[in-house]
Number of protein chains: 2
Amino acid sequence: MATLKDVARESGLTVGTVSRVLNNRGYISDETREKVYAVMRELNYQPNEMARSLSKQKSNTIGVIVPHIVHPYFAKLISNLEQAAYELKYKILLFNSKGKEEKEGEYIEMCKSNRVAAVILCSGSFHTEQFRKLDFPLITIERFLDEGVAGIECDNYRGGVLAAEHLISRGCRHILHIGGVSGLPMPADKRKQGFEDVCRKNGVEYKEVEPGQAYYDDMHYYPVICQTLEQYPQTDGIFASSDLIAAQVIQVCARKGIRVPEQMKVVGFDDVNVAALTTPGITTIRQPVKEMAEAAVTLAVKAAKGDMVPATSMFPVTLVERGSTGNGKPEASR
Amino acid sequence: MATLKDVARESGLTVGTVSRVLNNRGYISDETREKVYAVMRELNYQPNEMARSLSKQKSNTIGVIVPHIVHPYFAKLISNLEQAAYELKYKILLFNSKGKEEKEGEYIEMCKSNRVAAVILCSGSFHTEQFRKLDFPLITIERFLDEGVAGIECDNYRGGVLAAEHLISRGCRHILHIGGVSGLPMPADKRKQGFEDVCRKNGVEYKEVEPGQAYYDDMHYYPVICQTLEQYPQTDGIFASSDLIAAQVIQVCARKGIRVPEQMKVVGFDDVNVAALTTPGITTIRQPVKEMAEAAVTLAVKAAKGDMVPATSMFPVTLVERGSTGNGKPEASR
DNA sequence: TCTGATATGTCAACCGGTTGTTATATTCTT
DNA sequence: AAGAATATAACAACCGGTTGACATATCAGA
């Protein structure tokens with residue numbers, strides 16, 4: 001592969017000057033600039049990012065650690081993080097911690113080794129000590145905010161409020177919350193709080209279940225859902241803490257012959273693709289994932305430069321209505 | 001951050017010796033080895049991968065370029081690629097080309113700049129010239145096999161055969177194939193071939209539609225599906241080229257009051273999560289994504305070492321039965 | 001004509017490792 | 001006791017850029 005030296009030789013300049021062109025430093029005539037670029041094209045030169053990062057003592061890479069990749073919420077998040085990073089000329093090193101603390105730790109070490117500019121840490125495990133004394137900023141998404149330099153979350157409490165209010169306004173009187181997105185204490189737990197507060201204020205009877213971490217890991221909630229529906233047969237509305245769970249609720253209802261939305265109304269959370277792919281579609285609390293991802297990357301880059309960034313950022317959620325809380329008439333084709 | 005030099009100083013050894021410990025080269029006594037490791041732990045030393053890669057002229061990073069991240073097939077693929085890479089001590093640099101050739105090219109350049117060990121290129125655009133004269137092996141997955149050093153695909157033709165045979169065996173007599181996974185010529189097109197051959201051999205009437213690239217990009221096939229069902233109202237079985245399309249077929253049927261599977265049977269492709277999340281579940285042709293991802297990473301690493309690897313690897317597919325081609329009785333809970 | 005601004009060259013140190021050579025010991029074999 | 005294997009030191013070159021100091025030359029403006 002062509003190196004800076006080759007470019008310098010071919011263009012009759014010195015390495016210093018060529019480097020100056022590459023980094024837009026000092027004085028360079030348009031003529032020289034053009035010539036250098038021409039030679040670079042000719043030699044098919046690509047600067048060696050390893051060398052650059054080494055001498056600059058920082059890379060253009062952001063580490064992203066998620067507990068799941070196939071989970072539609074994280075897939076959406078990763079997709080938006082990649083897009084946002086791309087726009088700022090950053091690359092994504094992707095790690096799947098599977099929610100395990102030791103793997104998280106290992107990945108953090110790998111990020112260190114690779115001298116990433118920053119790490120974006122999504123959901124995943126509980127508080128840990130390993131996030132002290134890091135050499136790069138740590139941005140968290142939907143995780144305990146005090147762990148990193150900056151935390152990003154959506155208004156989980158308000159989401160719970162919206163969900164409960166919606167179910168109640170649609171006539172539900174025995175409602176159920178299926179929480180425990182991850183089986184670990186999380187900011188997402190505030191959804192439950194919002195739900196509870198609304199139920200109490202309205203004097204509506206409510207129940208709650210918390211599936212354990214095991215369910216989260218393989219995203220397979222059928223057993224809990226079945227069991228819960230049998231335990232609380234009078235339930236007429238369910239607020240699930242993710243669309244993934246909501247989709248499974250709808251399936252279980254279908255199997256049990258419970259008609260959604262006529263006999264049972266369902267509200268999910270996240271607003272990922274699956275919410276639109278079930279029959280009926282899932283009414284859900286939409287997280288502005290794109291904006292959250294953009295914020296995460298922007299803050300990561302800023303913090304890496306040493307700029308001050310807000311310690312916490314909270315994004316609003318909105319209710320997206322679909323068939324699962326409708327009146328039973330067929331839905332329009334979106 | 002602590003450097004090799006620091007470790008050497010603290011352990012009273014020379015950089016050379018410490019490096020030798022790190023790389024398991026030359027003679028090292030157990031005593032020295034232990035001491036070095038102890039000091040490394042003490043100083044919380046992490047080798048600088050930038051420096052390593054630079055001097056070794058290669059990194060432990062594999063570039064992965066996909067046309068979609070939120071698409072469940074790619075999410076599953078990425079997840080398995082990451083896992084396989086992790087086991088071989090490699091990291092994943094993730095790029096989302098959105099199926100655009102120019103972005104693909106740009107990402108290939110970024111991979112060059114980062115001196116990746118190899119690139120795994122998934123589906124995406126058509127043949128391009130930019131894959132000549134690369135400095136690293138290029139492994140393709142479900143893409144034209146002649147583009148890279150090695151190509152991996154599933155037995156697409158057989159998938160089409162299985163799907164058609166299954167629909168016919170379940171009594172369908174007017175079957176339809178919705179293809180064009182990407183709107184571009186692809187190995188996946190062989191699914192159609194297999195489908196056609198079986199239909200012809202059995203004298204079953206069949207139709208085919210090819211949604212354009214536009215549909216693939218936003219994964220929103222409703223318009224084509226509606227239109228097609230109106231155009232061929234006697235259709236009683238559909239083979240969709242992905243579970244994502246199949247899920248939408250089921251939704252459209254529900255809206256139109258067509259009962260699945262009683263009046264219409266549906267077979268998808270891929271066997272991703274959504275296939276199990278719809279009501280009814282989707283009978284589908286399963287790609288062994290895990291094995292394909294492992295093969296891709298293994299070949300990538302081997303090829304990067306200069307070893308010879310098979311130019312093409314084809315993995316078998318299997319039929320997974322779910323409710324969408326059943327007899328209409330409720331499904332068991334998986 | 002003197003002064004700056006502009007434009008480039010020359011040189012060398014540095015980033016943090018890897019690797020090869022040469023030199024010295026010590027210990028084990030035979 | 002000689003030779004081989006083992007263990008480490010001491011250097012230094014190299015990977016491919018970045019950056020700063022200093023020198024030199026041109027050209028425009030005052």
# chains A, B, ... in the order shown; residues from 1 in each chain; ligands from 1
call {"tool": "select_by_dssp", "arguments": {"residues": "range 29-196 of chain B", "states": "alpha helix (DSSP H)", "output": "JSON, numbers by chain"}}
result
{"B": [30, 31, 32, 33, 34, 35, 36, 37, 38, 39, 40, 41, 42, 43, 49, 50, 51, 52, 53, 54, 55, 56, 72, 73, 74, 75, 76, 77, 78, 79, 80, 81, 82, 83, 84, 85, 86, 87, 101, 102, 103, 104, 105, 106, 107, 108, 109, 110, 111, 112, 113, 156, 157, 158, 159, 160, 161, 162, 163, 164, 165, 166, 167, 168, 169, 190, 191, 192, 193, 194, 195, 196]}
call {"tool": "write_last_selection", "arguments": {"atoms": "C-alpha atoms", "output": "short mmCIF file (atom, residue, chain, number, x, y, z; two decimals), in the first residue's frame"}}
result
data_model
loop_
_atom_site.label_atom_id
_atom_site.label_comp_id
_atom_site.auth_asym_id
_atom_site.auth_seq_id
_atom_site.Cartn_x
_atom_site.Cartn_y
_atom_site.Cartn_z
CA ASP B 30 8.07 -18.84 34.40
CA GLU B 31 9.28 -16.55 37.11
CA THR B 32 9.73 -13.63 34.74
CA ARG B 33 6.46 -14.32 33.03
CA GLU B 34 4.61 -14.23 36.31
CA LYS B 35 6.29 -11.09 37.42
CA VAL B 36 5.46 -9.34 34.18
CA TYR B 37 1.83 -10.33 34.37
CA ALA B 38 1.70 -9.17 37.95
CA VAL B 39 3.07 -5.76 37.05
CA MET B 40 0.68 -5.49 34.14
CA ARG B 41 -2.25 -6.13 36.42
CA GLU B 42 -0.88 -3.74 38.96
CA LEU B 43 -0.47 -0.95 36.42
CA GLU B 49 -3.61 -2.15 19.68
CA MET B 50 -2.90 0.79 17.43
CA ALA B 51 0.82 0.43 17.97
CA ARG B 52 0.66 -3.31 17.66
CA SER B 53 -1.31 -3.25 14.48
CA LEU B 54 0.98 -0.64 13.07
CA SER B 55 4.14 -2.56 13.60
CA LYS B 56 2.62 -5.91 12.77
CA PRO B 72 -33.90 -8.98 11.32
CA TYR B 73 -31.88 -11.18 9.00
CA PHE B 74 -28.89 -8.89 9.17
CA ALA B 75 -29.31 -8.25 12.86
CA LYS B 76 -29.10 -11.99 13.37
CA LEU B 77 -26.15 -12.24 11.04
CA ILE B 78 -24.26 -9.42 12.74
CA SER B 79 -24.93 -10.90 16.13
CA ASN B 80 -23.47 -14.23 15.08
CA LEU B 81 -20.55 -12.62 13.31
CA GLU B 82 -19.70 -10.71 16.44
CA GLN B 83 -19.86 -13.84 18.54
CA ALA B 84 -17.67 -15.81 16.15
CA ALA B 85 -15.17 -12.97 15.90
CA TYR B 86 -15.04 -12.64 19.66
CA GLU B 87 -14.09 -16.26 20.02
CA GLU B 101 -22.77 1.28 -4.10
CA GLU B 102 -21.03 4.55 -3.39
CA LYS B 103 -21.35 4.03 0.32
CA GLU B 104 -20.07 0.51 -0.07
CA GLY B 105 -17.06 1.89 -1.86
CA GLU B 106 -16.50 4.48 0.80
CA TYR B 107 -16.67 1.85 3.51
CA ILE B 108 -14.24 -0.34 1.66
CA GLU B 109 -11.84 2.61 1.69
CA MET B 110 -12.37 3.07 5.41
CA CYS B 111 -11.60 -0.57 5.92
CA LYS B 112 -8.40 -0.09 3.97
CA SER B 113 -7.46 2.90 6.07
CA ASN B 156 -31.19 -20.90 -2.16
CA TYR B 157 -32.39 -23.13 -4.97
CA ARG B 158 -33.24 -25.90 -2.55
CA GLY B 159 -35.04 -23.38 -0.38
CA GLY B 160 -37.30 -22.51 -3.28
CA VAL B 161 -37.89 -26.18 -3.92
CA LEU B 162 -38.78 -26.90 -0.31
CA ALA B 163 -41.15 -23.97 -0.13
CA ALA B 164 -43.00 -24.86 -3.29
CA GLU B 165 -43.23 -28.54 -2.44
CA HIS B 166 -44.55 -27.73 0.99
CA LEU B 167 -47.24 -25.40 -0.30
CA ILE B 168 -48.29 -27.91 -2.93
CA SER B 169 -48.34 -30.76 -0.44
CA LYS B 190 -32.24 -18.90 -7.19
CA ARG B 191 -35.05 -19.33 -4.72
CA LYS B 192 -37.36 -18.32 -7.49
CA GLN B 193 -35.80 -20.83 -9.84
CA GLY B 194 -36.33 -23.68 -7.41
CA PHE B 195 -39.89 -22.54 -6.85
CA GLU B 196 -40.63 -22.39 -10.56
#
call {"tool": "interface_residues", "arguments": {"of": "chain D", "to": "chain B", "cutoff": "9 Å", "atoms": "only C-alpha atoms (C1' of nucleotides)", "output": "list in words"}}
result
DT6, DA7, DT8, DA9, DA10, DC14, DC15 and DG16 of chain D
call {"tool": "write_last_selection", "arguments": {"atoms": "C-alpha atoms (C1' of nucleotides)", "output": "PDB file, in the first residue's frame"}}
result
ATOM      1  C1'  DT D   6      17.909 -21.473  28.255  1.00  0.00           C
ATOM      2  C1'  DA D   7      17.229 -16.720  29.807  1.00  0.00           C
ATOM      3  C1'  DT D   8      17.848 -11.936  29.567  1.00  0.00           C
ATOM      4  C1'  DA D   9      20.122  -7.370  28.262  1.00  0.00           C
ATOM      5  C1'  DA D  10      21.100  -3.805  25.260  1.00  0.00           C
ATOM      6  C1'  DC D  14      10.907  -0.095  11.702  1.00  0.00           C
ATOM      7  C1'  DC D  15       5.621   0.512  11.161  1.00  0.00           C
ATOM      8  C1'  DG D  16       3.360   5.297   9.014  1.00  0.00           C
TER       9       DG D  16
END
call {"tool": "interface_residues", "arguments": {"of": "chain C", "to": "chain B", "cutoff": "8 Å", "atoms": "only C-alpha atoms (C1' of nucleotides)", "output": "number ranges by chain"}}
result
C: 15-18
call {"tool": "residues_around", "arguments": {"residues": "Phe315 in chain A", "least_positions_apart": "6", "cutoff": "12 Å", "atoms": "only C-alpha atoms (C1' of nucleotides)", "output": "VMD selection string"}}
result
chain A and resid 141 to 142 151 to 159 286 to 296
call {"tool": "write_last_selection", "arguments": {"atoms": "N, CA and C atoms", "output": "CSV table (one decimal), in the first residue's frame"}}
result
chain,number,residue,atom,x,y,z
A,141,ILE,N,-26.9,4.8,27.5
A,141,ILE,CA,-28.2,5.0,27.0
A,141,ILE,C,-29.1,4.1,27.7
A,142,GLU,N,-30.1,4.6,28.3
A,142,GLU,CA,-31.1,3.8,29.1
A,142,GLU,C,-30.4,2.9,30.1
A,151,GLY,N,-25.5,10.6,30.4
A,151,GLY,CA,-26.5,9.6,30.3
A,151,GLY,C,-27.6,10.1,29.5
A,152,ILE,N,-28.2,9.2,28.7
A,152,ILE,CA,-29.3,9.5,27.8
A,152,ILE,C,-30.4,8.5,28.1
A,153,GLU,N,-31.6,9.0,28.3
A,153,GLU,CA,-32.7,8.1,28.4
A,153,GLU,C,-34.0,8.8,27.9
A,154,CYS,N,-35.0,8.0,27.7
A,154,CYS,CA,-36.3,8.6,27.3
A,154,CYS,C,-37.1,8.8,28.6
A,155,ASP,N,-38.1,9.5,28.5
A,155,ASP,CA,-38.9,9.8,29.7
A,155,ASP,C,-39.8,8.6,30.0
A,156,ASN,N,-39.1,7.6,30.7
A,156,ASN,CA,-39.7,6.4,31.0
A,156,ASN,C,-41.0,6.5,31.9
A,157,TYR,N,-40.9,7.4,32.8
A,157,TYR,CA,-42.0,7.6,33.7
A,157,TYR,C,-43.3,8.0,32.9
A,158,ARG,N,-43.0,9.0,32.1
A,158,ARG,CA,-44.1,9.6,31.3
A,158,ARG,C,-44.7,8.5,30.4
A,159,GLY,N,-43.8,7.6,29.9
A,159,GLY,CA,-44.2,6.5,29.0
A,159,GLY,C,-45.2,5.6,29.8
A,286,ARG,N,-43.6,5.4,21.9
A,286,ARG,CA,-42.4,5.5,21.0
A,286,ARG,C,-41.3,6.2,21.6
A,287,GLN,N,-40.1,5.6,21.6
A,287,GLN,CA,-38.9,6.3,22.0
A,287,GLN,C,-38.3,6.9,20.7
A,288,PRO,N,-37.8,8.1,20.9
A,288,PRO,CA,-37.2,8.8,19.7
A,288,PRO,C,-35.7,8.3,19.5
A,289,VAL,N,-35.6,7.0,19.1
A,289,VAL,CA,-34.3,6.4,19.0
A,289,VAL,C,-33.3,7.1,18.2
A,290,LYS,N,-33.8,7.6,17.1
A,290,LYS,CA,-32.9,8.3,16.2
A,290,LYS,C,-32.2,9.5,16.9
A,291,GLU,N,-33.1,10.3,17.5
A,291,GLU,CA,-32.6,11.5,18.2
A,291,GLU,C,-31.7,11.1,19.4
A,292,MET,N,-32.1,10.0,20.1
A,292,MET,CA,-31.2,9.6,21.2
A,292,MET,C,-29.9,9.1,20.7
A,293,ALA,N,-29.9,8.4,19.6
A,293,ALA,CA,-28.6,7.9,19.1
A,293,ALA,C,-27.7,9.1,18.6
A,294,GLU,N,-28.4,10.0,18.0
A,294,GLU,CA,-27.6,11.2,17.5
A,294,GLU,C,-27.0,11.9,18.7
A,295,ALA,N,-27.8,12.1,19.7
A,295,ALA,CA,-27.3,12.8,20.9
A,295,ALA,C,-26.2,12.0,21.5
A,296,ALA,N,-26.3,10.7,21.6
A,296,ALA,CA,-25.2,9.9,22.2
A,296,ALA,C,-23.9,10.1,21.4
call {"tool": "closest_residue", "arguments": {"among": "B:Lys133, B:Arg25, B:His127, B:Arg115", "to": "chain A", "atoms": "only C-alpha atoms"}}
result
B:Arg115
call {"tool": "select_by_dssp", "arguments": {"residues": "range 48-289 of chain A", "states": "strand (DSSP E or B)", "output": "number ranges by chain"}}
result
A: 61-66, 91-96, 118-122, 138-141, 150-154, 174-178, 205-209, 237-240, 265-270, 283-286
call {"tool": "write_last_selection", "arguments": {"atoms": "C-alpha atoms", "output": "PDB file, in the first residue's frame"}}
result
ATOM      1  CA  THR A  61     -13.625   4.954  16.639  1.00  0.00           C
ATOM      2  CA  ILE A  62     -16.488   4.742  19.079  1.00  0.00           C
ATOM      3  CA  GLY A  63     -17.065   1.546  20.997  1.00  0.00           C
ATOM      4  CA  VAL A  64     -20.687   0.495  21.249  1.00  0.00           C
ATOM      5  CA  ILE A  65     -21.609  -2.122  23.814  1.00  0.00           C
ATOM      6  CA  VAL A  66     -25.087  -3.572  23.717  1.00  0.00           C
ATOM      7  CA  LYS A  91     -16.540   4.334  12.998  1.00  0.00           C
ATOM      8  CA  ILE A  92     -18.318   1.872  15.232  1.00  0.00           C
ATOM      9  CA  LEU A  93     -16.664  -1.013  17.007  1.00  0.00           C
ATOM     10  CA  LEU A  94     -19.542  -3.238  17.984  1.00  0.00           C
ATOM     11  CA  PHE A  95     -19.631  -5.467  21.042  1.00  0.00           C
ATOM     12  CA  ASN A  96     -22.370  -7.718  22.320  1.00  0.00           C
ATOM     13  CA  ALA A 118     -15.505   7.096  23.535  1.00  0.00           C
ATOM     14  CA  VAL A 119     -17.769   4.250  24.519  1.00  0.00           C
ATOM     15  CA  ILE A 120     -21.518   4.180  24.272  1.00  0.00           C
ATOM     16  CA  LEU A 121     -22.917   1.698  26.710  1.00  0.00           C
ATOM     17  CA  CYS A 122     -26.479   0.557  26.289  1.00  0.00           C
ATOM     18  CA  LEU A 138     -18.528   6.851  28.677  1.00  0.00           C
ATOM     19  CA  ILE A 139     -21.985   7.686  27.391  1.00  0.00           C
ATOM     20  CA  THR A 140     -24.858   5.580  28.583  1.00  0.00           C
ATOM     21  CA  ILE A 141     -28.221   4.997  26.952  1.00  0.00           C
ATOM     22  CA  ALA A 150     -23.267  11.543  30.281  1.00  0.00           C
ATOM     23  CA  GLY A 151     -26.477   9.593  30.309  1.00  0.00           C
ATOM     24  CA  ILE A 152     -29.290   9.493  27.825  1.00  0.00           C
ATOM     25  CA  GLU A 153     -32.709   8.115  28.416  1.00  0.00           C
ATOM     26  CA  CYS A 154     -36.258   8.599  27.336  1.00  0.00           C
ATOM     27  CA  HIS A 174     -58.211  -4.620  35.242  1.00  0.00           C
ATOM     28  CA  ILE A 175     -54.861  -3.819  33.860  1.00  0.00           C
ATOM     29  CA  LEU A 176     -51.547  -5.525  34.018  1.00  0.00           C
ATOM     30  CA  HIS A 177     -47.972  -4.410  33.598  1.00  0.00           C
ATOM     31  CA  ILE A 178     -45.325  -6.800  32.352  1.00  0.00           C
ATOM     32  CA  GLU A 205     -57.167  -2.255  39.670  1.00  0.00           C
ATOM     33  CA  TYR A 206     -53.734  -3.284  38.499  1.00  0.00           C
ATOM     34  CA  LYS A 207     -51.264  -6.129  38.710  1.00  0.00           C
ATOM     35  CA  GLU A 208     -47.598  -6.372  37.896  1.00  0.00           C
ATOM     36  CA  VAL A 209     -45.178  -9.101  36.883  1.00  0.00           C
ATOM     37  CA  GLY A 237     -55.520  -4.468  29.317  1.00  0.00           C
ATOM     38  CA  ILE A 238     -51.795  -5.066  29.298  1.00  0.00           C
ATOM     39  CA  PHE A 239     -48.917  -2.639  29.277  1.00  0.00           C
ATOM     40  CA  ALA A 240     -45.793  -4.514  28.220  1.00  0.00           C
ATOM     41  CA  LYS A 265     -56.037  -4.260  24.816  1.00  0.00           C
ATOM     42  CA  VAL A 266     -52.279  -4.192  24.574  1.00  0.00           C
ATOM     43  CA  VAL A 267     -49.738  -1.373  24.735  1.00  0.00           C
ATOM     44  CA  GLY A 268     -46.057  -1.933  24.075  1.00  0.00           C
ATOM     45  CA  PHE A 269     -42.943   0.171  24.395  1.00  0.00           C
ATOM     46  CA  ASP A 270     -40.196   1.270  21.993  1.00  0.00           C
ATOM     47  CA  THR A 283     -50.134   0.507  20.119  1.00  0.00           C
ATOM     48  CA  THR A 284     -46.910   1.582  21.706  1.00  0.00           C
ATOM     49  CA  ILE A 285     -44.893   4.224  23.479  1.00  0.00           C
ATOM     50  CA  ARG A 286     -42.438   5.525  20.969  1.00  0.00           C
TER      51      ARG A 286
END
call {"tool": "residues_around", "arguments": {"residues": "Ser182 in chain A", "least_positions_apart": "4", "cutoff": "10 Å", "atoms": "only C-alpha atoms (C1' of nucleotides)", "output": "compact mmCIF listing (two decimals) with C-alpha atoms, in the first residue's frame"}}
result
# COMPACT_ATOMS: atom_id res chain seq x y z
CA PRO A 67 -26.60 -6.52 25.58
CA GLY A 99 -25.89 -8.56 29.52
CA SER A 123 -28.75 -0.92 28.92
CA GLY A 124 -27.02 -4.05 30.09
CA SER A 125 -25.90 -4.90 33.52
CA MET A 186 -32.84 -0.11 35.18
CA ALA A 188 -36.81 1.55 32.44
CA ASP A 189 -38.27 0.60 35.81
CA GLU A 210 -41.43 -8.98 36.58
CA PRO A 211 -40.02 -11.67 34.38
CA GLY A 212 -36.46 -12.54 35.37
CA GLN A 213 -33.28 -11.98 33.44
CA ALA A 214 -33.51 -15.46 31.91
CA TYR A 215 -36.50 -14.37 29.87
CA TYR A 216 -34.72 -11.29 28.64
CA ASP A 217 -31.72 -13.22 27.48
CA MET A 219 -36.37 -12.92 24.43
CA SER A 241 -42.41 -2.93 28.72
call {"tool": "decode", "arguments": {"residues": "chain D", "atoms": "C-alpha atoms (C1' of nucleotides)", "output": "PDB file, in the first residue's frame"}}
result
ATOM      1  C1'  DA D   1      34.981 -29.992  30.020  1.00  0.00           C
ATOM      2  C1'  DA D   2      32.959 -28.735  25.797  1.00  0.00           C
ATOM      3  C1'  DG D   3      28.756 -27.786  23.550  1.00  0.00           C
ATOM      4  C1'  DA D   4      23.876 -26.926  23.543  1.00  0.00           C
ATOM      5  C1'  DA D   5      19.861 -25.029  25.440  1.00  0.00           C
ATOM      6  C1'  DT D   6      17.909 -21.473  28.255  1.00  0.00           C
ATOM      7  C1'  DA D   7      17.229 -16.720  29.807  1.00  0.00           C
ATOM      8  C1'  DT D   8      17.848 -11.936  29.567  1.00  0.00           C
ATOM      9  C1'  DA D   9      20.122  -7.370  28.262  1.00  0.00           C
ATOM     10  C1'  DA D  10      21.100  -3.805  25.260  1.00  0.00           C
ATOM     11  C1'  DC D  11      20.389  -1.691  20.951  1.00  0.00           C
ATOM     12  C1'  DA D  12      18.312  -0.145  17.110  1.00  0.00           C
ATOM     13  C1'  DA D  13      15.490  -0.189  13.089  1.00  0.00           C
ATOM     14  C1'  DC D  14      10.907  -0.095  11.702  1.00  0.00           C
ATOM     15  C1'  DC D  15       5.621   0.512  11.161  1.00  0.00           C
ATOM     16  C1'  DG D  16       3.360   5.297   9.014  1.00  0.00           C
ATOM     17  C1'  DG D  17       2.104   9.054  10.290  1.00  0.00           C
ATOM     18  C1'  DT D  18       2.224  13.988  13.317  1.00  0.00           C
ATOM     19  C1'  DT D  19       4.274  17.887  14.977  1.00  0.00           C
ATOM     20  C1'  DG D  20       7.395  21.371  16.143  1.00  0.00           C
ATOM     21  C1'  DA D  21      11.671  24.028  15.468  1.00  0.00           C
ATOM     22  C1'  DC D  22      14.270  26.329  12.305  1.00  0.00           C
ATOM     23  C1'  DA D  23      15.771  27.696   7.747  1.00  0.00           C
ATOM     24  C1'  DT D  24      14.881  29.593   3.253  1.00  0.00           C
ATOM     25  C1'  DA D  25      12.652  31.906  -0.450  1.00  0.00           C
ATOM     26  C1'  DT D  26       9.051  34.589  -2.726  1.00  0.00           C
ATOM     27  C1'  DC D  27       5.969  38.262  -2.930  1.00  0.00           C
ATOM     28  C1'  DA D  28       3.021  41.992  -1.487  1.00  0.00           C
ATOM     29  C1'  DG D  29       2.333  46.167   1.074  1.00  0.00           C
ATOM     30  C1'  DA D  30       3.975  50.217   3.561  1.00  0.00           C
TER      31       DA D  30
END
